[in-house]
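With mmCIF, C-alpha atoms and all ligand atoms inside, this is query.cif:
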```
data_data
#
loop_
_atom_site.label_atom_id
_atom_site.label_comp_id
_atom_site.auth_asym_id
_atom_site.auth_seq_id
_atom_site.Cartn_x
_atom_site.Cartn_y
_atom_site.Cartn_z
CA MET A 29 80.57 -124.33 5.52
CA ALA A 30 81.50 -123.44 9.11
CA THR A 31 85.19 -123.79 9.89
CA ARG A 32 86.38 -125.71 12.90
CA ALA A 33 87.27 -122.48 14.70
CA SER A 34 83.92 -120.92 13.92
CA ARG A 35 82.10 -123.82 15.62
CA LYS A 36 83.69 -123.02 18.97
CA VAL A 37 81.02 -122.47 21.61
CA GLU A 38 81.10 -119.03 23.21
CA ALA A 39 79.57 -120.12 26.47
CA GLN A 40 82.35 -122.64 27.08
CA ASP A 41 84.83 -119.75 27.30
CA LEU A 42 83.11 -118.46 30.39
CA HIS A 43 83.16 -121.62 32.54
CA LEU A 44 79.80 -120.89 34.07
CA ASP A 45 79.23 -122.57 37.40
CA PRO A 46 76.29 -120.77 39.00
CA ARG A 47 75.27 -121.33 42.63
CA THR A 48 72.08 -119.25 42.84
CA ILE A 49 70.46 -119.86 39.44
CA THR A 50 70.10 -122.74 36.99
CA ILE A 51 71.08 -122.41 33.34
CA ASP A 52 69.47 -124.71 30.80
CA PRO A 53 70.86 -123.88 27.33
CA LEU A 54 68.44 -123.78 24.39
CA THR A 55 71.40 -124.40 22.09
CA PRO A 56 75.16 -124.46 22.77
CA VAL A 57 75.49 -121.11 20.97
CA ILE A 58 72.56 -118.88 21.95
CA GLY A 59 69.67 -118.83 24.41
CA ALA A 60 69.21 -120.31 27.88
CA GLU A 61 66.33 -120.89 30.28
CA ILE A 62 67.17 -119.47 33.68
CA GLY A 63 65.66 -121.00 36.83
CA GLY A 64 65.81 -120.34 40.56
CA ILE A 65 64.93 -116.67 40.31
CA ASP A 66 61.89 -114.59 41.23
CA LEU A 67 61.79 -111.35 39.24
CA SER A 68 59.12 -109.86 41.53
CA LYS A 69 61.91 -109.40 44.11
CA PRO A 70 65.13 -107.35 43.99
CA ILE A 71 68.12 -109.36 42.75
CA ALA A 72 70.91 -110.03 45.27
CA PRO A 73 74.51 -109.17 44.21
CA GLU A 74 75.67 -112.80 43.80
CA GLN A 75 72.66 -113.64 41.66
CA GLU A 76 73.21 -110.48 39.62
CA ALA A 77 76.82 -111.53 38.90
CA GLU A 78 75.66 -114.98 37.77
CA LEU A 79 72.98 -113.46 35.54
CA ARG A 80 75.54 -111.13 33.95
CA ALA A 81 77.80 -114.10 33.16
CA ALA A 82 74.85 -116.02 31.69
CA GLN A 83 73.80 -113.01 29.60
CA ALA A 84 77.32 -112.50 28.24
CA ALA A 85 77.47 -116.19 27.29
CA TYR A 86 73.99 -116.87 25.90
CA HIS A 87 72.62 -113.39 24.95
CA VAL A 88 68.98 -114.50 25.28
CA LEU A 89 67.71 -115.40 28.76
CA VAL A 90 64.27 -116.98 29.24
CA PHE A 91 62.53 -116.69 32.62
CA ARG A 92 59.40 -118.83 33.03
CA ASP A 93 56.45 -118.55 35.45
CA GLN A 94 57.12 -114.97 36.49
CA VAL A 95 54.26 -112.96 37.98
CA ILE A 96 55.49 -109.39 37.94
CA THR A 97 54.16 -105.84 37.99
CA ASN A 98 55.27 -103.05 35.63
CA GLU A 99 57.49 -101.75 38.43
CA ASP A 100 59.16 -105.18 38.88
CA HIS A 101 59.73 -105.35 35.13
CA LYS A 102 61.33 -101.89 35.08
CA ARG A 103 63.42 -102.53 38.22
CA PHE A 104 64.97 -105.64 36.61
CA ALA A 105 65.60 -103.71 33.38
CA ARG A 106 67.27 -100.77 35.17
CA MET A 107 69.90 -103.18 36.50
CA TRP A 108 71.39 -103.43 33.00
CA GLY A 109 71.79 -99.84 31.86
CA THR A 110 71.83 -96.13 32.58
CA ARG A 111 68.16 -95.48 31.71
CA LEU A 112 65.07 -97.06 30.21
CA HIS A 113 64.32 -96.43 26.57
CA VAL A 114 61.38 -94.35 25.31
CA HIS A 115 60.40 -95.55 21.85
CA PRO A 116 60.19 -93.00 19.01
CA TYR A 117 56.55 -94.18 18.61
CA HIS A 118 55.82 -92.31 21.78
CA VAL A 119 57.44 -89.15 20.49
CA ALA A 120 55.84 -89.38 17.04
CA ARG A 121 52.38 -90.71 18.10
CA ALA A 122 51.89 -91.15 14.39
CA LEU A 123 50.15 -94.44 13.68
CA PRO A 124 46.96 -96.07 14.94
CA GLU A 125 47.79 -98.93 17.30
CA HIS A 126 46.43 -101.75 15.10
CA ALA A 127 48.67 -100.56 12.25
CA ARG A 128 51.93 -100.96 14.14
CA GLY A 129 51.56 -104.06 16.29
CA GLY A 130 51.09 -102.29 19.57
CA GLY A 131 52.17 -98.94 20.92
CA HIS A 132 52.89 -97.13 24.08
CA ASN A 133 51.26 -97.71 27.38
CA GLU A 134 49.51 -94.32 27.61
CA HIS A 135 50.42 -94.02 31.27
CA ASP A 136 54.04 -95.03 30.96
CA PRO A 137 56.30 -94.12 28.01
CA GLU A 138 58.92 -96.64 29.21
CA ILE A 139 56.56 -99.55 28.49
CA LEU A 140 55.91 -100.63 24.90
CA VAL A 141 52.83 -102.76 24.28
CA VAL A 142 53.38 -105.65 21.83
CA LYS A 143 50.08 -107.09 20.74
CA ALA A 144 48.28 -108.75 17.87
CA ASP A 145 44.64 -109.76 17.38
CA GLN A 146 42.02 -110.07 14.66
CA LYS A 147 42.28 -106.31 13.91
CA SER A 148 46.05 -106.35 13.37
CA ARG A 149 47.48 -105.37 10.02
CA PHE A 150 51.06 -105.52 11.23
CA VAL A 151 52.94 -107.24 14.04
CA ALA A 152 55.95 -105.73 15.79
CA GLY A 153 59.26 -107.30 14.80
CA GLU A 154 58.12 -109.48 11.88
CA GLU A 155 61.48 -109.03 10.16
CA TRP A 156 65.05 -109.75 11.26
CA HIS A 157 66.15 -106.73 13.27
CA THR A 158 67.68 -105.31 16.42
CA ASP A 159 65.37 -103.01 18.31
CA VAL A 160 65.38 -99.34 17.30
CA SER A 161 68.92 -99.43 15.91
CA CYS A 162 68.12 -96.07 14.26
CA ASP A 163 68.58 -94.35 17.65
CA VAL A 164 71.86 -92.63 18.51
CA GLU A 165 71.86 -94.78 21.66
CA PRO A 166 70.01 -97.91 20.50
CA PRO A 167 68.79 -100.18 23.32
CA MET A 168 71.47 -102.63 24.52
CA GLY A 169 68.71 -105.02 25.47
CA SER A 170 64.97 -105.56 25.63
CA MET A 171 62.76 -107.48 28.03
CA LEU A 172 59.48 -108.75 26.66
CA TYR A 173 56.97 -110.09 29.19
CA ILE A 174 54.25 -112.10 27.44
CA THR A 175 51.04 -112.73 29.36
CA GLU A 176 48.75 -113.96 26.57
CA THR A 177 49.73 -116.49 23.88
CA PRO A 178 47.62 -117.61 20.88
CA GLU A 179 45.15 -120.41 21.67
CA ILE A 180 46.32 -122.36 18.63
CA GLY A 181 50.03 -122.05 19.53
CA GLY A 182 52.62 -120.22 17.43
CA GLY A 183 53.94 -116.69 17.97
CA ASP A 184 57.49 -117.91 18.68
CA THR A 185 60.45 -115.54 18.47
CA LEU A 186 63.63 -116.52 16.60
CA PHE A 187 67.01 -115.17 17.68
CA ILE A 188 70.39 -115.26 15.98
CA SER A 189 73.83 -114.60 17.43
CA ALA A 190 75.43 -111.62 15.66
CA VAL A 191 78.66 -112.55 17.47
CA ARG A 192 78.75 -115.96 15.76
CA ALA A 193 77.73 -114.32 12.49
CA TYR A 194 80.83 -112.09 12.72
CA GLU A 195 83.14 -114.92 13.82
CA ALA A 196 82.02 -117.15 10.93
CA LEU A 197 83.13 -114.61 8.30
CA SER A 198 86.47 -115.24 6.60
CA PRO A 199 89.38 -113.08 7.87
CA MET A 200 89.31 -111.06 4.64
CA MET A 201 85.59 -110.33 5.02
CA GLN A 202 86.04 -109.46 8.72
CA ASP A 203 88.65 -106.93 7.67
CA ILE A 204 86.34 -105.43 5.01
CA VAL A 205 83.24 -105.10 7.23
CA GLY A 206 85.43 -103.78 10.05
CA ARG A 207 86.14 -100.73 7.90
CA MET A 208 82.50 -100.04 7.02
CA THR A 209 79.61 -98.22 8.65
CA ALA A 210 75.85 -98.56 8.05
CA VAL A 211 73.01 -96.03 8.03
CA HIS A 212 70.11 -97.15 10.29
CA ASP A 213 66.98 -95.23 9.29
CA GLY A 214 63.79 -95.30 11.39
CA ALA A 215 61.77 -94.40 8.31
CA LYS A 216 62.48 -97.85 6.80
CA PRO A 217 60.04 -99.85 8.94
CA TYR A 218 57.43 -97.16 8.33
CA VAL A 219 57.56 -97.42 4.57
CA GLY A 220 58.28 -101.16 4.30
CA GLY A 221 56.42 -102.46 7.33
CA TYR A 222 53.46 -100.16 7.83
CA GLY A 223 53.04 -98.88 4.26
CA GLN A 224 52.98 -95.30 5.57
CA THR A 225 54.98 -92.13 5.16
CA PRO A 226 57.06 -91.51 8.28
CA PRO A 227 56.21 -88.51 10.44
CA GLU A 228 57.96 -85.30 9.44
CA GLY A 229 61.26 -84.77 11.26
CA GLY A 230 60.37 -87.03 14.17
CA TRP A 231 62.20 -90.21 13.20
CA PRO A 232 65.86 -90.97 14.02
CA LYS A 233 68.55 -91.87 11.47
CA THR A 234 72.04 -92.79 12.71
CA THR A 235 75.25 -94.17 11.25
CA HIS A 236 76.81 -96.95 13.36
CA PRO A 237 79.97 -99.04 12.83
CA MET A 238 79.21 -102.30 11.02
CA VAL A 239 81.28 -104.26 13.52
CA ILE A 240 80.87 -103.39 17.19
CA THR A 241 82.62 -104.62 20.32
CA ILE A 242 80.23 -105.78 23.01
CA PRO A 243 81.37 -104.09 26.25
CA TRP A 244 80.06 -106.85 28.57
CA SER A 245 81.67 -109.78 26.71
CA GLY A 246 84.57 -108.22 24.80
CA LYS A 247 83.31 -110.05 21.65
CA LYS A 248 82.81 -108.48 18.23
CA ALA A 249 79.38 -108.58 16.58
CA LEU A 250 78.05 -107.81 13.10
CA TYR A 251 75.78 -104.80 13.63
CA VAL A 252 73.74 -104.56 10.46
CA ASN A 253 70.07 -105.54 10.18
CA ARG A 254 67.43 -105.74 7.47
CA GLY A 255 64.81 -103.96 9.58
CA PHE A 256 66.58 -100.60 9.76
CA VAL A 257 69.69 -100.41 7.57
CA THR A 258 69.35 -98.56 4.26
CA ARG A 259 72.88 -97.91 3.12
CA ILE A 260 76.61 -98.52 3.45
CA PRO A 261 77.86 -94.96 2.88
CA GLU A 262 81.37 -96.10 1.86
CA LEU A 263 79.94 -97.89 -1.24
CA ALA A 264 78.04 -96.85 -4.38
CA ARG A 265 74.26 -97.45 -4.14
CA LYS A 266 74.21 -100.69 -6.19
CA GLU A 267 77.29 -102.04 -4.43
CA SER A 268 75.71 -101.20 -1.08
CA ASP A 269 72.43 -102.99 -1.94
CA ALA A 270 74.25 -106.11 -3.14
CA PHE A 271 76.67 -106.18 -0.20
CA LEU A 272 73.85 -105.79 2.32
CA GLU A 273 71.98 -108.74 0.74
CA LEU A 274 75.15 -110.83 0.98
CA LEU A 275 75.44 -110.03 4.70
CA TYR A 276 71.74 -110.63 5.40
CA GLY A 277 71.96 -114.00 3.64
CA HIS A 278 74.94 -114.89 5.83
CA ILE A 279 73.26 -113.72 9.07
CA GLU A 280 69.79 -115.13 8.47
CA GLY A 281 70.75 -118.35 6.70
CA HIS A 282 72.85 -119.99 9.39
CA VAL A 283 70.38 -122.05 11.44
CA GLU A 284 73.22 -123.20 13.71
CA PHE A 285 73.54 -119.63 15.05
CA GLN A 286 69.84 -119.49 15.95
CA CYS A 287 67.48 -120.41 18.74
CA ARG A 288 63.70 -120.31 18.88
CA VAL A 289 61.79 -119.27 21.98
CA ARG A 290 58.37 -120.78 22.51
CA TRP A 291 56.33 -118.51 24.75
CA LYS A 292 53.99 -119.52 27.54
CA PRO A 293 52.00 -116.94 29.52
CA ASN A 294 54.12 -115.26 32.23
CA THR A 295 57.41 -115.74 30.39
CA LEU A 296 59.92 -112.88 30.36
CA VAL A 297 62.71 -112.96 27.78
CA PHE A 298 65.71 -110.65 28.09
CA TRP A 299 67.69 -110.37 24.87
CA ASP A 300 70.96 -108.59 24.20
CA ASN A 301 70.17 -106.34 21.24
CA TRP A 302 73.77 -105.67 20.32
CA SER A 303 74.83 -109.35 20.25
CA THR A 304 71.71 -110.69 18.52
CA GLN A 305 68.95 -110.11 16.01
CA HIS A 306 65.39 -111.40 16.33
CA HIS A 307 62.30 -112.12 14.28
CA ALA A 308 58.76 -112.45 15.67
CA VAL A 309 56.74 -115.11 13.85
CA TRP A 310 53.12 -114.14 13.00
CA ASP A 311 51.62 -117.55 12.26
CA TYR A 312 48.54 -117.30 14.51
CA TYR A 313 46.19 -114.76 12.87
CA PRO A 314 43.39 -114.08 13.87
CA TYR A 315 44.28 -115.22 17.40
CA SER A 316 45.69 -112.86 20.03
CA ARG A 317 49.05 -112.44 21.66
CA TYR A 318 49.85 -109.77 24.27
CA GLY A 319 52.97 -108.59 26.03
CA GLN A 320 54.83 -105.56 27.32
CA ARG A 321 58.40 -104.63 26.47
CA VAL A 322 60.89 -102.54 28.39
CA SER A 323 64.17 -101.65 26.67
CA ILE A 324 67.45 -100.58 28.20
CA VAL A 325 69.85 -97.84 27.13
CA ASN A 326 73.52 -98.21 28.00
CA GLY A 327 75.48 -95.88 25.71
CA ARG A 328 76.31 -96.10 22.05
CA PRO A 329 77.72 -99.16 20.22
CA ALA A 330 81.36 -98.62 19.24
CA ALA A 331 83.81 -100.44 17.00
C1 LIG A 401 59.99 -107.18 19.12
O1 LIG A 401 60.31 -106.62 20.15
O2 LIG A 401 60.60 -107.04 18.08
C2 LIG A 401 58.81 -108.14 19.18
C3 LIG A 401 59.27 -109.49 19.54
C4 LIG A 401 58.11 -110.43 19.73
O3 LIG A 401 56.96 -110.00 19.69
O4 LIG A 401 58.34 -111.61 19.94
#
```
Kindly return the structure encoded in the file as structure tokens.
Amino acid sequence: MATRASRKVEAQDLHLDPRTITIDPLTPVIGAEIGGIDLSKPIAPEQEAELRAAQAAYHVLVFRDQVITNEDHKRFARMWGTRLHVHPYHVARALPEHARGGGHNEHDPEILVVKADQKSRFVAGEEWHTDVSCDVEPPMGSMLYITETPEIGGGDTLFISAVRAYEALSPMMQDIVGRMTAVHDGAKPYVGGYGQTPPEGGWPKTTHPMVITIPWSGKKALYVNRGFVTRIPELARKESDAFLELLYGHIEGHVEFQCRVRWKPNTLVFWDNWSTQHHAVWDYYPYSRYGQRVSIVNGRPAA
């Protein structure tokens, strides 16, 4: 049962009053549709400030009816970090495209193709996760630009606020998780998701704090996800497995921390990877869905 304090709405703390954009919340807790902006053009400083406030408040920003090039996509992404992310897929080049729900744009390692069709055996992100949390510097955010949606509908993406997930824990549990770390292993999606042995030596494995402080909001978030985490090193194996299941049940089971994005062609969604987790729904086989993702690196998550 959520406590009174844990129901407090994050966005209300920020007193958003934008002049150059519109903000239409998907829920009071997470997700907002942003209007009045054309991502094919450079963003002016005032608009950038308003976007940053909206991102800190809602974590998942949805931009509709955008007609953009790869360069526009990357220019908008660069605004949020120190460099664009190159996925370990690109380095490993280890799986055929249909086996891993997309792959790299051969001409541009900073663009990840996310696609599914009648040949797909796997779809990217069909598990609660934060993107590539196995990296030493995991992306702080990702921008997925979808240009083709399934004819029969479906293919939504679910998001959950990891900030609210942390805040809803009891003080005792917050104290316990605040003293733990978690091992994020890139081999996990290989074995569990693709049914393959990971490439020798080429896949990152990093230990991150279980509770991180989000630099752009000052909030704490629970940074542990089913997609990548294999172990809490401070616990015995069985304790670790049981404790992780307890946390995943807490994170994934609270529908009041979630929002659901319904895609239309030419929608770009920018999500904060450190403050959220997401899950791509594959309910449209054998129909097709196509998009391109650019992810942003901005340092390493810290306690
Ligand atoms: C992902 O980046 O995890 C894929 C999300 C999606 O396809 O909706």
### Task
Identify which of the residues A:Phe187, A:Tyr86, A:Tyr218, A:Phe104 lies closest to ligand LIG 401 (chain A), counting all atoms listed in the file when measuring atom-to-atom distances.
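Result for the nearest residue to ligand LIG 401 (chain A): A:Phe187.
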List every residue of range 47-79 of chain A that has an atom at most 10 Å from any atom of range 105-112 of chain A, giving for each one its closest atom pair and the distance in Å to one decimal, counting all atoms listed in the file, sorted by chain and then by ascending residue number, as CSV.
```
residue,atom,partner,partner_atom,distance
A:Pro70,CA,A:Met107,CA,9.8
A:Ile71,CA,A:Met107,CA,9.0
A:Glu76,CA,A:Met107,CA,8.6
```
### Query
From the set A:Thr258, A:Gln83, A:Asn294, A:Gln305, which residue has the shortest atom-to-atom contact distance to Asp66 in chain A, counting only C-alpha atoms?
A:Asn294
### Message
Which residue is closest to Gly153 in chain A? Choose from A:Arg254, A:Arg259, A:Lys248, A:Arg288 and count only C-alpha atoms.
### Response
A:Arg254
### Task
State, in Å with one decimal place, the distance from CA of Val95 in chain A to CA of Arg290 in chain A.
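Straight-line distance from CA of Val95 in chain A to CA of Arg290 in chain A works out to 17.8 Å.
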### Query
Which value, in Å to one decimal, gives the distance between CA of Gly255 in chain A and CA of Leu79 in chain A?
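We find that CA of Gly255 in chain A and CA of Leu79 in chain A lie 28.8 Å from each other.
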### Query
Which distance in Å separates CA of Thr209 in chain A and CA of Glu262 in chain A, to one decimal?
7.3 Å
Could you put an axis-aligned box around every listed atom of ligand LIG 401 (chain A), padded by 3 Å on each side, and send me its centre and edge lengths in Å to one decimal, as AutoDock Vina command-line options?
```
--center_x 58.8 --center_y -109.1 --center_z 19.1 --size_x 9.6 --size_y 11.0 --size_z 8.1
```
### Task
Could you please extract the residues within 9 Å of ligand LIG 401 (chain A), counting all atoms listed in the file, and hand them back as number ranges by chain?
A: 129, 140, 142-144, 151-159, 170-172, 174, 183-186, 289, 291, 306-310, 317-319, 321
Got time to write the residues from that selection, C-alpha atoms, as a PDB file, in the frame of the given file?
```
ATOM      1  CA  GLY A 129      51.560-104.060  16.290  1.00  0.00           C
ATOM      2  CA  LEU A 140      55.910-100.630  24.900  1.00  0.00           C
ATOM      3  CA  VAL A 142      53.380-105.650  21.830  1.00  0.00           C
ATOM      4  CA  LYS A 143      50.080-107.090  20.740  1.00  0.00           C
ATOM      5  CA  ALA A 144      48.280-108.750  17.870  1.00  0.00           C
ATOM      6  CA  VAL A 151      52.940-107.240  14.040  1.00  0.00           C
ATOM      7  CA  ALA A 152      55.950-105.730  15.790  1.00  0.00           C
ATOM      8  CA  GLY A 153      59.260-107.300  14.800  1.00  0.00           C
ATOM      9  CA  GLU A 154      58.120-109.480  11.880  1.00  0.00           C
ATOM     10  CA  GLU A 155      61.480-109.030  10.160  1.00  0.00           C
ATOM     11  CA  TRP A 156      65.050-109.750  11.260  1.00  0.00           C
ATOM     12  CA  HIS A 157      66.150-106.730  13.270  1.00  0.00           C
ATOM     13  CA  THR A 158      67.680-105.310  16.420  1.00  0.00           C
ATOM     14  CA  ASP A 159      65.370-103.010  18.310  1.00  0.00           C
ATOM     15  CA  SER A 170      64.970-105.560  25.630  1.00  0.00           C
ATOM     16  CA  MET A 171      62.760-107.480  28.030  1.00  0.00           C
ATOM     17  CA  LEU A 172      59.480-108.750  26.660  1.00  0.00           C
ATOM     18  CA  ILE A 174      54.250-112.100  27.440  1.00  0.00           C
ATOM     19  CA  GLY A 183      53.940-116.690  17.970  1.00  0.00           C
ATOM     20  CA  ASP A 184      57.490-117.910  18.680  1.00  0.00           C
ATOM     21  CA  THR A 185      60.450-115.540  18.470  1.00  0.00           C
ATOM     22  CA  LEU A 186      63.630-116.520  16.600  1.00  0.00           C
ATOM     23  CA  VAL A 289      61.790-119.270  21.980  1.00  0.00           C
ATOM     24  CA  TRP A 291      56.330-118.510  24.750  1.00  0.00           C
ATOM     25  CA  HIS A 306      65.390-111.400  16.330  1.00  0.00           C
ATOM     26  CA  HIS A 307      62.300-112.120  14.280  1.00  0.00           C
ATOM     27  CA  ALA A 308      58.760-112.450  15.670  1.00  0.00           C
ATOM     28  CA  VAL A 309      56.740-115.110  13.850  1.00  0.00           C
ATOM     29  CA  TRP A 310      53.120-114.140  13.000  1.00  0.00           C
ATOM     30  CA  ARG A 317      49.050-112.440  21.660  1.00  0.00           C
ATOM     31  CA  TYR A 318      49.850-109.770  24.270  1.00  0.00           C
ATOM     32  CA  GLY A 319      52.970-108.590  26.030  1.00  0.00           C
ATOM     33  CA  ARG A 321      58.400-104.630  26.470  1.00  0.00           C
TER      34      ARG A 321
END
```
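The shell of residues at most 6 Å from Lys233 in chain A, with only C-alpha atoms counted and near chain neighbours (fewer than 4 positions) removed, consists of Cys162, His212, Asp213 and Gly214 of chain A.
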